[in-house]
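Chemist: File name coords.txt; file contents compact mmCIF, C-alpha atoms; full text below.
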```txt
# COMPACT_ATOMS: atom_id res chain seq x y z
CA MET J 1 86.20 212.32 114.86
CA PHE J 2 86.60 211.55 111.15
CA ARG J 3 89.37 214.08 110.70
CA LYS J 4 91.17 213.09 113.91
CA TYR J 5 91.13 209.40 113.02
CA LEU J 6 91.98 209.51 109.33
CA LEU J 7 93.96 212.71 108.88
CA ALA J 8 96.10 212.27 111.99
CA LYS J 9 96.19 215.94 113.01
CA ASP J 10 97.90 217.08 109.80
CA SER J 11 96.56 220.59 109.28
CA ARG J 12 98.00 220.72 105.76
CA ILE J 13 95.55 218.07 104.57
CA SER J 14 91.95 219.11 104.07
CA THR J 15 89.07 216.70 104.54
CA ALA J 16 87.83 217.55 101.03
CA ASP J 17 91.15 216.53 99.49
CA PHE J 18 91.29 213.28 101.43
CA ILE J 19 87.71 212.36 100.47
CA SER J 20 88.15 213.28 96.81
CA SER J 21 91.43 211.36 96.44
CA SER J 22 89.88 208.29 98.08
CA ILE J 23 86.75 208.44 95.91
CA ILE J 24 88.82 208.68 92.73
CA ILE J 25 90.77 205.51 93.52
CA PHE J 26 87.71 203.65 94.84
CA ASN J 27 85.72 204.57 91.73
CA THR J 28 88.55 203.54 89.41
CA LEU J 29 89.42 200.22 91.07
CA THR J 30 85.80 199.07 91.27
CA TRP J 31 85.26 200.14 87.65
CA PHE J 32 88.32 198.26 86.42
CA TYR J 33 87.69 195.09 88.48
CA MET J 34 84.11 195.03 87.23
CA ILE J 35 85.09 195.37 83.57
CA ARG J 36 88.02 192.96 83.84
CA ALA J 37 85.93 190.26 85.50
CA ILE J 38 83.16 190.38 82.90
CA ILE J 39 85.66 190.36 80.02
CA THR J 40 87.53 187.40 81.50
CA SER J 41 84.31 185.43 81.94
CA ALA J 42 83.26 186.24 78.37
CA LEU J 43 86.54 185.11 76.80
CA GLN J 44 86.41 181.68 75.22
CA ASP J 45 89.79 181.07 76.85
CA PRO J 46 89.95 182.95 80.22
CA ASN J 47 93.73 182.82 79.98
CA ASN J 48 93.91 184.31 76.48
CA LEU J 49 97.56 185.34 76.27
CA ILE J 50 97.17 187.89 73.46
CA PHE J 51 94.34 189.72 75.21
CA PHE J 52 96.12 190.01 78.56
CA ALA J 53 99.44 190.85 76.90
CA LEU J 54 97.82 193.81 75.17
CA LEU J 55 95.93 194.80 78.31
CA ASP J 56 99.04 194.77 80.52
CA PHE J 57 101.13 196.48 77.85
CA ALA J 58 98.53 199.26 77.51
CA ILE J 59 98.42 199.73 81.29
CA ILE J 60 102.21 199.94 81.66
CA PHE J 61 102.67 202.22 78.64
CA SER J 62 99.82 204.57 79.58
CA SER J 63 100.99 204.73 83.23
CA ILE J 64 104.46 205.81 82.16
CA LEU J 65 102.95 208.30 79.71
CA GLY J 66 100.63 209.69 82.40
CA ALA J 67 103.52 210.05 84.87
CA PHE J 68 105.58 211.82 82.20
CA MET J 69 102.70 214.20 81.46
CA ALA J 70 102.35 214.96 85.18
CA GLY J 71 105.47 217.09 85.03
CA LYS J 72 103.99 219.19 82.21
CA VAL J 73 100.21 219.31 82.78
CA LYS J 74 98.21 220.19 85.89
CA ARG J 75 97.06 217.19 87.88
CA THR J 76 93.41 218.26 87.79
CA LYS J 77 93.44 218.23 83.98
CA ILE J 78 94.95 214.75 83.93
CA LEU J 79 92.38 213.41 86.40
CA TYR J 80 89.41 214.97 84.59
CA PHE J 81 90.63 213.76 81.19
CA TRP J 82 91.28 210.28 82.60
CA ILE J 83 87.81 209.86 84.13
CA ILE J 84 86.08 211.21 81.02
CA LEU J 85 88.20 208.84 78.93
CA GLY J 86 86.92 205.93 81.04
CA VAL J 87 83.33 207.00 80.39
CA MET J 88 83.96 207.26 76.65
CA VAL J 89 85.69 203.88 76.47
CA SER J 90 82.82 202.17 78.33
CA LEU J 91 80.27 203.74 75.97
CA LEU J 92 82.37 203.07 72.85
CA THR J 93 82.88 199.43 73.76
CA MET J 94 79.11 198.97 73.98
CA LEU J 95 79.13 199.24 70.19
CA LEU J 96 81.63 196.40 69.85
CA ASN J 97 80.63 192.75 69.88
CA ILE J 98 82.60 190.91 72.53
CA ASP J 99 81.89 187.59 70.80
CA VAL J 100 83.89 188.68 67.75
CA ALA J 101 87.51 187.65 68.30
CA CYS J 102 88.99 190.48 66.23
CA ASN J 103 87.42 193.07 68.57
CA MET J 104 89.19 191.76 71.68
CA PRO J 105 92.63 193.30 70.98
CA LEU J 106 91.03 196.74 70.54
CA ILE J 107 88.99 196.29 73.74
CA ALA J 108 92.14 195.28 75.66
CA LEU J 109 94.06 198.34 74.44
CA LEU J 110 91.19 200.74 75.15
CA PHE J 111 90.57 199.56 78.69
CA GLY J 112 94.25 199.21 79.48
CA PHE J 113 94.97 202.78 78.41
CA SER J 114 91.89 204.24 80.10
CA PHE J 115 92.89 202.54 83.37
CA GLY J 116 96.63 203.17 83.40
CA PHE J 117 96.93 206.77 82.21
CA GLY J 118 95.68 208.51 85.34
CA MET J 119 96.56 205.93 87.99
CA PRO J 120 99.97 207.46 88.87
CA SER J 121 98.36 210.87 89.36
CA SER J 122 95.48 209.49 91.43
CA LEU J 123 97.83 207.46 93.65
CA ALA J 124 100.18 210.43 94.01
CA TYR J 125 97.21 212.63 94.94
CA PHE J 126 96.15 210.08 97.58
CA ALA J 127 99.72 210.03 98.94
CA ASP J 128 99.66 213.84 99.17
CA CYS J 129 96.41 213.60 101.15
CA THR J 130 97.80 211.16 103.73
CA SER J 131 100.72 211.37 106.13
CA PHE J 132 103.28 208.90 107.43
CA GLU J 133 101.18 208.36 110.58
CA ASN J 134 98.00 207.26 108.78
CA ARG J 135 99.01 206.18 105.26
CA GLY J 136 99.03 202.48 106.14
CA ARG J 137 95.58 202.28 107.70
CA ASN J 138 94.01 204.59 105.12
CA SER J 139 95.50 202.54 102.28
CA GLY J 140 94.36 199.26 103.83
CA LEU J 141 90.86 200.63 104.33
CA LEU J 142 90.70 201.98 100.77
CA PHE J 143 91.89 198.69 99.24
CA SER J 144 89.45 196.61 101.32
CA VAL J 145 86.46 198.82 100.54
CA SER J 146 87.35 198.90 96.82
CA PHE J 147 87.61 195.11 96.60
CA LEU J 148 84.38 194.54 98.51
CA GLY J 149 82.66 197.16 96.37
CA SER J 150 83.77 195.32 93.24
CA PHE J 151 82.55 192.04 94.70
CA LEU J 152 79.10 193.52 95.39
CA PHE J 153 78.89 194.99 91.89
CA LEU J 154 79.68 191.62 90.33
CA ALA J 155 77.25 189.83 92.64
CA PHE J 156 74.30 192.01 91.61
CA LEU J 157 75.14 192.50 87.93
CA SER J 158 74.31 189.88 85.34
CA GLU J 159 76.86 188.63 82.84
CA ASN J 160 75.25 190.69 80.10
CA TRP J 161 78.07 192.57 78.36
CA PHE J 162 75.94 195.56 77.38
CA GLU J 163 74.49 195.97 80.90
CA VAL J 164 77.88 195.87 82.63
CA LEU J 165 79.34 198.45 80.25
CA PHE J 166 76.37 200.76 80.74
CA VAL J 167 76.65 200.50 84.54
CA SER J 168 80.41 201.05 84.36
CA ALA J 169 79.92 204.23 82.33
CA ILE J 170 77.37 205.55 84.85
CA TRP J 171 79.69 204.62 87.72
CA ARG J 172 82.58 206.52 86.11
CA ILE J 173 80.33 209.57 85.57
CA LEU J 174 79.37 209.49 89.26
CA GLY J 175 83.07 209.56 90.14
CA LEU J 176 83.51 212.68 88.03
CA ILE J 177 80.46 214.33 89.63
CA PHE J 178 81.78 213.63 93.14
CA LEU J 179 85.13 215.14 92.22
CA LEU J 180 83.44 218.28 90.86
CA LEU J 181 81.14 218.67 93.87
CA ILE J 182 83.75 218.17 96.59
CA LYS J 183 86.07 220.79 95.08
CA PRO J 184 89.44 219.69 96.48
CA GLN J 185 91.77 222.51 97.50
CA ASN J 186 95.27 221.11 97.13
CA VAL J 187 95.27 218.86 94.09
CA GLU J 188 98.17 220.72 92.51
CA LYS J 189 101.73 220.55 93.80
CA GLU J 190 104.53 222.88 92.91
CA ILE J 191 106.83 221.16 90.41
CA LYS J 192 110.25 221.20 92.01
CA GLU J 193 111.73 217.99 90.65
CA ARG J 194 112.76 217.40 87.06
CA SER J 195 114.19 213.94 87.62
CA SER J 196 113.89 211.22 85.00
CA PHE J 197 112.66 207.65 85.35
CA ARG J 198 116.28 206.52 85.29
CA SER J 199 117.05 208.48 88.43
CA ILE J 200 114.29 206.62 90.29
CA LEU J 201 115.70 203.23 89.32
CA SER J 202 119.13 204.33 90.52
CA THR J 203 117.74 205.37 93.91
CA ARG J 204 118.98 202.82 96.46
CA SER J 205 115.90 202.78 98.69
CA PHE J 206 113.54 202.33 95.74
CA THR J 207 115.61 199.50 94.27
CA LEU J 208 115.82 197.65 97.59
CA PHE J 209 112.04 197.58 97.81
CA VAL J 210 111.12 197.05 94.15
CA ILE J 211 113.32 193.92 93.78
CA PRO J 212 111.46 191.95 96.51
CA TRP J 213 108.16 193.19 95.06
CA LEU J 214 109.16 191.90 91.61
CA LEU J 215 110.29 188.54 93.02
CA PHE J 216 107.07 188.08 94.95
CA CYS J 217 104.90 188.96 91.93
CA LEU J 218 106.82 186.56 89.69
CA VAL J 219 106.80 183.71 92.22
CA ASP J 220 103.08 184.11 92.94
CA SER J 221 102.07 184.39 89.28
CA ILE J 222 104.20 181.45 88.10
CA GLU J 223 103.57 179.18 91.07
CA LYS J 224 99.79 179.67 91.12
CA PRO J 225 99.07 177.77 87.85
CA TYR J 226 101.07 174.77 89.10
CA PHE J 227 99.23 174.90 92.41
CA ILE J 228 95.81 174.85 90.70
CA SER J 229 96.96 172.18 88.24
CA LEU J 230 98.00 169.92 91.12
CA ALA J 231 94.62 170.42 92.78
CA LYS J 232 92.80 169.52 89.55
CA MET J 233 94.89 166.38 89.06
CA SER J 234 94.08 165.36 92.64
CA GLY J 235 90.37 166.07 92.23
CA ALA J 236 90.42 168.63 95.08
CA THR J 237 87.44 170.72 93.95
CA GLY J 238 86.95 172.03 97.50
CA PHE J 239 90.43 173.52 97.49
CA ILE J 240 89.91 175.20 94.10
CA ALA J 241 86.73 176.87 95.42
CA PHE J 242 88.63 177.96 98.54
CA ASP J 243 91.41 179.41 96.42
CA GLU J 244 89.04 181.35 94.17
CA ILE J 245 86.73 182.77 96.84
CA PHE J 246 88.17 182.62 100.35
CA GLU J 247 91.77 183.48 99.56
CA PRO J 248 90.85 186.95 98.18
CA LEU J 249 88.54 187.56 101.16
CA ILE J 250 91.37 186.66 103.54
CA GLY J 251 93.55 189.11 101.63
CA VAL J 252 90.99 191.88 102.08
CA ILE J 253 90.85 191.35 105.84
CA PHE J 254 94.62 191.32 106.25
CA ALA J 255 95.09 194.29 103.94
CA LEU J 256 93.21 196.27 106.56
CA ILE J 257 95.07 194.65 109.48
CA GLY J 258 98.45 195.00 107.79
CA GLY J 259 97.85 198.69 107.12
CA PHE J 260 97.12 199.34 110.79
CA ILE J 261 100.18 197.36 111.94
CA ALA J 262 102.42 199.13 109.43
CA ASP J 263 101.49 202.46 110.99
CA GLN J 264 102.46 201.09 114.40
CA ILE J 265 105.70 199.14 113.93
CA GLY J 266 106.82 200.25 110.47
CA ARG J 267 106.46 199.06 106.88
CA LYS J 268 109.71 197.12 106.66
CA LYS J 269 108.92 194.73 109.54
CA VAL J 270 105.47 193.94 108.20
CA ILE J 271 106.85 193.15 104.74
CA ILE J 272 109.71 190.99 106.08
CA TYR J 273 107.31 189.01 108.30
CA GLY J 274 105.10 188.44 105.25
CA PHE J 275 107.96 187.11 103.12
CA ILE J 276 109.30 184.85 105.86
CA SER J 277 105.86 183.42 106.66
CA LEU J 278 105.14 182.70 103.01
CA GLY J 279 108.61 181.23 102.46
CA LEU J 280 108.26 178.90 105.46
CA THR J 281 104.80 177.82 104.29
CA PHE J 282 106.09 176.84 100.84
CA ALA J 283 109.06 175.09 102.47
CA ALA J 284 106.64 173.00 104.56
CA LEU J 285 104.51 172.33 101.48
CA SER J 286 107.56 171.11 99.53
CA LEU J 287 108.22 168.52 102.28
CA ALA J 288 104.65 167.19 102.18
CA PRO J 289 103.12 168.20 98.82
CA THR J 290 100.44 165.52 98.93
CA THR J 291 99.03 166.67 102.29
CA GLN J 292 96.00 168.78 101.45
CA VAL J 293 95.93 170.57 104.79
CA PHE J 294 99.17 172.27 103.70
CA TRP J 295 97.43 173.38 100.50
CA TYR J 296 94.80 175.25 102.48
CA VAL J 297 97.38 176.75 104.82
CA THR J 298 99.53 177.88 101.87
CA ALA J 299 96.54 179.41 100.07
CA ALA J 300 95.49 181.24 103.25
CA VAL J 301 99.00 182.58 103.91
CA ASP J 302 99.30 183.56 100.25
CA GLY J 303 96.06 185.53 100.56
CA ILE J 304 97.35 187.23 103.71
CA ALA J 305 100.62 188.12 101.97
CA TRP J 306 98.83 189.43 98.89
CA GLY J 307 96.60 191.68 100.97
CA ILE J 308 99.53 193.12 102.91
CA PHE J 309 101.92 193.44 99.96
CA TYR J 310 99.32 195.00 97.67
CA VAL J 311 98.68 197.75 100.19
CA MET J 312 102.38 198.26 100.99
CA PHE J 313 103.83 198.11 97.48
CA VAL J 314 101.00 199.81 95.57
CA LEU J 315 99.64 202.46 97.93
CA VAL J 316 102.10 203.06 100.79
CA LEU J 317 105.82 202.65 100.05
CA TRP J 318 106.14 204.81 96.94
CA GLY J 319 104.25 207.57 98.71
CA ASP J 320 106.67 207.29 101.65
CA LEU J 321 109.77 207.35 99.46
CA SER J 322 108.78 210.06 96.99
CA PRO J 323 108.69 213.83 97.57
CA PRO J 324 105.35 215.68 97.16
CA SER J 325 106.02 216.81 93.59
CA SER J 326 105.57 215.60 90.03
CA LEU J 327 108.29 213.03 90.75
CA ARG J 328 105.80 211.15 92.94
CA GLU J 329 103.80 210.06 89.87
CA LYS J 330 106.93 208.46 88.41
CA TYR J 331 107.50 206.42 91.58
CA PHE J 332 103.98 205.01 91.38
CA ALA J 333 104.22 204.32 87.64
CA VAL J 334 107.48 202.36 87.91
CA GLY J 335 106.40 200.66 91.15
CA SER J 336 103.32 199.18 89.45
CA ILE J 337 105.24 197.57 86.56
CA PRO J 338 106.25 194.35 88.43
CA PHE J 339 102.61 193.48 89.12
CA PHE J 340 101.49 193.67 85.48
CA LEU J 341 104.64 192.01 84.10
CA ALA J 342 104.26 189.13 86.52
CA GLU J 343 100.56 188.78 85.70
CA LEU J 344 101.48 188.35 82.05
CA MET J 345 104.11 185.75 82.96
CA GLY J 346 101.47 183.81 84.88
CA LYS J 347 99.21 183.72 81.83
CA PHE J 348 102.13 182.54 79.71
CA VAL J 349 102.95 179.70 82.14
CA TYR J 350 99.32 178.58 82.58
CA PRO J 351 99.00 176.33 79.47
CA PHE J 352 102.28 174.56 80.31
CA ALA J 353 101.24 174.05 83.94
CA GLN J 354 98.06 172.26 82.84
CA GLU J 355 100.05 169.52 81.12
CA VAL J 356 102.73 168.78 83.71
CA SER J 357 102.94 165.72 85.94
CA LYS J 358 102.46 165.83 89.71
CA GLU J 359 106.21 165.45 90.22
CA THR J 360 106.88 168.56 88.13
CA ALA J 361 104.25 170.52 90.05
CA TYR J 362 105.87 169.44 93.32
CA ALA J 363 109.20 170.86 92.13
CA ALA J 364 107.69 174.36 91.89
CA PHE J 365 107.19 174.63 95.65
CA PRO J 366 110.83 174.48 96.88
CA LEU J 367 111.79 176.93 94.12
CA ALA J 368 109.08 179.30 95.31
CA SER J 369 110.35 179.02 98.88
CA PHE J 370 113.93 179.71 97.77
CA PHE J 371 113.07 182.88 95.86
CA LEU J 372 110.83 184.18 98.64
CA PHE J 373 113.67 183.85 101.15
CA LEU J 374 116.00 185.43 98.58
CA ALA J 375 113.65 188.42 98.41
CA VAL J 376 114.24 189.09 102.11
CA LEU J 377 117.94 189.93 101.54
CA PRO J 378 117.37 193.35 99.88
CA LEU J 379 114.82 194.17 102.58
CA MET J 380 117.46 193.72 105.29
CA TYR J 381 119.33 196.69 103.80
CA ALA J 382 116.26 198.75 102.90
CA PRO J 383 115.43 201.78 105.07
CA GLU J 384 112.35 201.97 107.25
CA THR J 385 110.06 204.47 105.52
CA LEU J 386 107.98 205.22 108.62
CA PRO J 387 110.03 207.85 110.54
CA GLU J 388 111.71 206.44 113.65
CA LYS J 389 110.30 209.36 115.65
CA LYS J 390 106.73 208.25 114.91
CA ILE J 391 107.46 204.68 116.03
CA ARG J 392 109.06 205.88 119.28
CA GLU J 393 106.15 208.24 119.97
CA ARG J 394 103.66 205.39 119.64
CA GLU J 395 105.76 203.09 121.82
CA LEU J 396 105.98 205.81 124.49
CA LYS J 397 102.24 206.41 124.31
CA LYS J 398 101.53 202.69 124.78
CA TYR J 399 103.96 202.56 127.71
CA ILE J 400 102.25 205.53 129.40
CA GLU J 401 98.79 204.00 128.89
CA LYS J 402 100.00 200.69 130.32
CA ALA J 403 101.56 202.47 133.32
CA LYS J 404 98.30 204.32 133.96
CA LYS J 405 96.32 201.07 133.97
CA ILE J 406 98.78 199.48 136.43
CA LYS J 407 98.59 202.57 138.66
CA GLU J 408 94.78 202.54 138.58
CA LYS J 409 94.78 198.84 139.44
CA TYR J 410 96.80 199.30 142.65
CA ASP J 411 95.35 202.66 143.76
```
Would you mind writing the file's structure down as structure tokens?

Modeler:
Amino acid sequence: MFRKYLLAKDSRISTADFISSSIIIFNTLTWFYMIRAIITSALQDPNNLIFFALLDFAIIFSSILGAFMAGKVKRTKILYFWIILGVMVSLLTMLLNIDVACNMPLIALLFGFSFGFGMPSSLAYFADCTSFENRGRNSGLLFSVSFLGSFLFLAFLSENWFEVLFVSAIWRILGLIFLLLIKPQNVEKEIKERSSFRSILSTRSFTLFVIPWLLFCLVDSIEKPYFISLAKMSGATGFIAFDEIFEPLIGVIFALIGGFIADQIGRKKVIIYGFISLGLTFAALSLAPTTQVFWYVTAAVDGIAWGIFYVMFVLVLWGDLSPPSSLREKYFAVGSIPFFLAELMGKFVYPFAQEVSKETAYAAFPLASFFLFLAVLPLMYAPETLPEKKIRERELKKYIEKAKKIKEKYD
């Protein structure tokens, strides 16, 4: 049942490979979310620009370096080195005092590098272990479980810096043990492509998807501080709690739903519907920015969009577009850059957003709506990455099942 449901009858994909690739990403995402959350809460300024600039820079640089090394070093060696590096960084950071400001840049660089270096290889490995028919639902399930796992870790752990680092090191070791015990069969792929990063950026299909992804990340990261600032000026503490807790949970639910739908009707339609819905919501908000019900609706739709887009643009699309070779790592490395660049932009905008008037905050909403609708234009020309044959097969299957039910009803 497990194999039939998740591996979608692809005999080339072993259950061991699928489980090992999923465990690697689950272990890494929960580890990183856990560390990042405790560091952010420990910072005197949770929007410390220097810290997050170094963290995002280290992630981007190490991801590109890891993708470059993927064409020269076996994937297993990269994954083993990467996980061991995470263990060493967690243990090494236990010796550093988080309350000392001069230690924070080093901590940011260490964790950024130990997270980013192996992510392209782990995501490429996961893409190799899924097929077009099941990549959406498997990605949605993996993202949802990883986020909920991180939430549970943070709920049970105290805010003690030493304790969190110790648990994170143990957790990373467990990930390595699982990988060694499962013994995946097809981690390595024959290196057939020698393409450069430049060739990926010049690929039409990649560009048509990465531009909307960049626009969404920038709009969301820059608009969010103004949104929260407006809520604070209005004294809407209930909305701020909703935005911090319920919006991510909504995203988790719709990451799973969006993954399933993307396997049924295609990735492109799901993404376009997400952009249009979010654009219309911000358009409505710009017409009535003082109506708090629109704030809740916008936050909920933003959470839905984030859940769907994270799954599509991080786990699904680059696996669909890239061939099963060392080139796949480069797709994932470049495709992740917009997220971290936009996150840094959001931190940069935050201090300015806290000092603006309500009228200035209102002006951010129509601009957000405009750029979200603008992001739809490249998508209209982008190809559907789910093969047309798979969509038609599912439509035919549904039609047959419906016909059988009608026949049974009148027999």

Chemist: Determine the nearest neighbour of J:Asp128 from the options J:Pro351, J:Pro387, J:Pro212, J:Pro323, counting all atoms listed in the file.

Modeler: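 Of J:Pro351, J:Pro387, J:Pro212, J:Pro323, the one nearest J:Asp128 is J:Pro323, counting all atoms listed in the file.
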
Chemist: Would you mind listing what lies within 7 Å of stretch 106-108 of chain J as JSON, numbers by chain, with only C-alpha atoms counted and same-chain residues fewer than 3 positions away left out?

Modeler: {"J": [51, 54, 55, 93, 103, 111, 112]}

Chemist: Pick from J:Ile222, J:Val73, J:Met119, J:Ala169: nearest to J:Leu344, with all atoms listed in the file counted?

Modeler: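 Comparing J:Ile222, J:Val73, J:Met119, J:Ala169 against J:Leu344, the winner is J:Ile222.
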
Chemist: List every protein, DNA or RNA residue that has at least one atom no more than 9 Å from (82.1, 212.3, 94.4) in the file's coordinates, counting only C-alpha atoms, and write the result as a ChimeraX atom specification.

Modeler: /J:19-20,23-24,27,174-182

Chemist: As number ranges by chain, please: the residues near J:Gly279 (cut-off 10 Å, all atoms listed in the file, same-chain neighbours under 6 positions excluded).

Modeler: J: 273, 285, 298, 301-302, 365-376

Chemist: Find, counting only C-alpha atoms, the residue in J:Lys77, J:Lys224, J:Lys330, J:Lys72 that gets nearest to J:Phe282.

Modeler: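 Between J:Lys77, J:Lys224, J:Lys330, J:Lys72, the residue approaching J:Phe282 most closely is J:Lys224.
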
Chemist: List the spatial neighbours of J:Arg172 as a CSV table (one decimal) with C-alpha atoms, keeping the file's coordinate frame - criterion: any atom at most 8 Å away, all atoms listed in the file, same-chain residues fewer than 6 positions off excluded.

Modeler:
```csv
chain,number,residue,atom,x,y,z
J,27,ASN,CA,85.7,204.6,91.7
J,28,THR,CA,88.6,203.5,89.4
J,31,TRP,CA,85.3,200.1,87.6
J,83,ILE,CA,87.8,209.9,84.1
J,84,ILE,CA,86.1,211.2,81.0
J,86,GLY,CA,86.9,205.9,81.0
J,87,VAL,CA,83.3,207.0,80.4
```

Chemist: Go through J:Met69, J:Ala124, J:Leu79, J:Ile272 and flag the residue nearest J:Met380, using only C-alpha atoms for the distances.

Modeler: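 Looking at the shortest contact to J:Met380, the residue is J:Ile272.
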
Chemist: Between J:Ala255, J:Leu96, J:Tyr381, J:Ala236, single out the one closest to J:Phe162, counting only C-alpha atoms.

Modeler: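 Ranked by minimum distance to J:Phe162, first place goes to J:Leu96.
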
Chemist: Give the answer as one residue: which of J:Leu109, J:Ala283, J:Ile170, J:Ala231 has the shortest atom-to-atom distance to J:Ser357, using all atoms listed in the file?

Modeler: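 Nearest to J:Ser357: J:Ala231.
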
Chemist: Counting all atoms listed in the file, note down every residue that has an atom within 10 Å of the point (97.0, 211.4, 92.3) (file coordinates), as a ChimeraX atom specification.

Modeler: /J:21-22,24-25,67,70,75-76,78-79,118-129,187-188,326,328-329,332

Chemist: Could you name the residues that touch J:Ile253 at 10 Å or less, counting only C-alpha atoms, but leaving out those on the same chain fewer than 4 positions away, as a list of chain:residue names?

Modeler: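 What passes the distance filter is J:Gly140, J:Leu141, J:Phe143, J:Ser144, J:Pro248, J:Leu249, J:Ile257, J:Gly258, J:Gly303, J:Ile304, J:Gly307, J:Ile308.
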
Chemist: Take every atom of stretch 210-213 of chain J listed in the file, pad by 8 Å on each side, and give me the axis-aligned box centre and edge lengths in Å, one decimal, as AutoDock Vina command-line options.

Modeler:
```
--center_x 110.7 --center_y 194.5 --center_z 95.1 --size_x 21.2 --size_y 21.1 --size_z 18.7
```

Chemist: Could you work out how far atom CA of J:Ala299 lies from atom CA of J:Gly238, giving the answer in Å with one decimal?

Modeler: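 For atom CA of J:Gly238 relative to atom CA of J:Ala299, the distance reads 12.4 Å.
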
Chemist: Supply stretch 15-33 of chain J as a PDB file, in the frame of the given file, with N, CA and C atoms built in where the input has gaps.

Modeler:
```pdb
ATOM      1  N   THR J  15      89.977 217.839 104.622  1.00  0.00           N
ATOM      2  CA  THR J  15      89.070 216.700 104.540  1.00  0.00           C
ATOM      3  C   THR J  15      88.569 216.512 103.117  1.00  0.00           C
ATOM      4  N   ALA J  16      88.319 217.620 102.407  1.00  0.00           N
ATOM      5  CA  ALA J  16      87.830 217.550 101.030  1.00  0.00           C
ATOM      6  C   ALA J  16      88.837 216.853 100.130  1.00  0.00           C
ATOM      7  N   ASP J  17      90.123 217.175 100.304  1.00  0.00           N
ATOM      8  CA  ASP J  17      91.150 216.530  99.490  1.00  0.00           C
ATOM      9  C   ASP J  17      91.244 215.048  99.779  1.00  0.00           C
ATOM     10  N   PHE J  18      91.194 214.696 101.059  1.00  0.00           N
ATOM     11  CA  PHE J  18      91.290 213.280 101.430  1.00  0.00           C
ATOM     12  C   PHE J  18      90.111 212.491 100.851  1.00  0.00           C
ATOM     13  N   ILE J  19      88.897 213.051 100.977  1.00  0.00           N
ATOM     14  CA  ILE J  19      87.710 212.360 100.470  1.00  0.00           C
ATOM     15  C   ILE J  19      87.765 212.239  98.951  1.00  0.00           C
ATOM     16  N   SER J  20      88.131 213.311  98.270  1.00  0.00           N
ATOM     17  CA  SER J  20      88.150 213.280  96.810  1.00  0.00           C
ATOM     18  C   SER J  20      89.202 212.307  96.282  1.00  0.00           C
ATOM     19  N   SER J  21      90.384 212.280  96.895  1.00  0.00           N
ATOM     20  CA  SER J  21      91.430 211.360  96.440  1.00  0.00           C
ATOM     21  C   SER J  21      91.018 209.908  96.680  1.00  0.00           C
ATOM     22  N   SER J  22      90.332 209.645  97.789  1.00  0.00           N
ATOM     23  CA  SER J  22      89.880 208.290  98.080  1.00  0.00           C
ATOM     24  C   SER J  22      88.780 207.855  97.122  1.00  0.00           C
ATOM     25  N   ILE J  23      87.857 208.768  96.825  1.00  0.00           N
ATOM     26  CA  ILE J  23      86.750 208.440  95.910  1.00  0.00           C
ATOM     27  C   ILE J  23      87.282 208.150  94.516  1.00  0.00           C
ATOM     28  N   ILE J  24      88.265 208.904  94.071  1.00  0.00           N
ATOM     29  CA  ILE J  24      88.820 208.680  92.730  1.00  0.00           C
ATOM     30  C   ILE J  24      89.374 207.269  92.611  1.00  0.00           C
ATOM     31  N   ILE J  25      90.167 206.847  93.592  1.00  0.00           N
ATOM     32  CA  ILE J  25      90.770 205.510  93.520  1.00  0.00           C
ATOM     33  C   ILE J  25      89.707 204.432  93.699  1.00  0.00           C
ATOM     34  N   PHE J  26      88.790 204.626  94.641  1.00  0.00           N
ATOM     35  CA  PHE J  26      87.710 203.650  94.840  1.00  0.00           C
ATOM     36  C   PHE J  26      86.894 203.501  93.563  1.00  0.00           C
ATOM     37  N   ASN J  27      86.519 204.600  92.955  1.00  0.00           N
ATOM     38  CA  ASN J  27      85.720 204.570  91.730  1.00  0.00           C
ATOM     39  C   ASN J  27      86.473 203.859  90.604  1.00  0.00           C
ATOM     40  N   THR J  28      87.764 204.123  90.498  1.00  0.00           N
ATOM     41  CA  THR J  28      88.550 203.540  89.410  1.00  0.00           C
ATOM     42  C   THR J  28      88.780 202.049  89.607  1.00  0.00           C
ATOM     43  N   LEU J  29      89.147 201.636  90.822  1.00  0.00           N
ATOM     44  CA  LEU J  29      89.420 200.220  91.070  1.00  0.00           C
ATOM     45  C   LEU J  29      88.167 199.375  90.895  1.00  0.00           C
ATOM     46  N   THR J  30      87.042 199.828  91.428  1.00  0.00           N
ATOM     47  CA  THR J  30      85.800 199.070  91.270  1.00  0.00           C
ATOM     48  C   THR J  30      85.398 199.011  89.799  1.00  0.00           C
ATOM     49  N   TRP J  31      85.568 200.104  89.084  1.00  0.00           N
ATOM     50  CA  TRP J  31      85.260 200.140  87.650  1.00  0.00           C
ATOM     51  C   TRP J  31      86.117 199.146  86.884  1.00  0.00           C
ATOM     52  N   PHE J  32      87.412 199.130  87.157  1.00  0.00           N
ATOM     53  CA  PHE J  32      88.320 198.260  86.420  1.00  0.00           C
ATOM     54  C   PHE J  32      88.094 196.786  86.774  1.00  0.00           C
ATOM     55  N   TYR J  33      87.931 196.478  88.070  1.00  0.00           N
ATOM     56  CA  TYR J  33      87.690 195.090  88.480  1.00  0.00           C
ATOM     57  C   TYR J  33      86.407 194.559  87.839  1.00  0.00           C
TER      58      TYR J  33
END
```
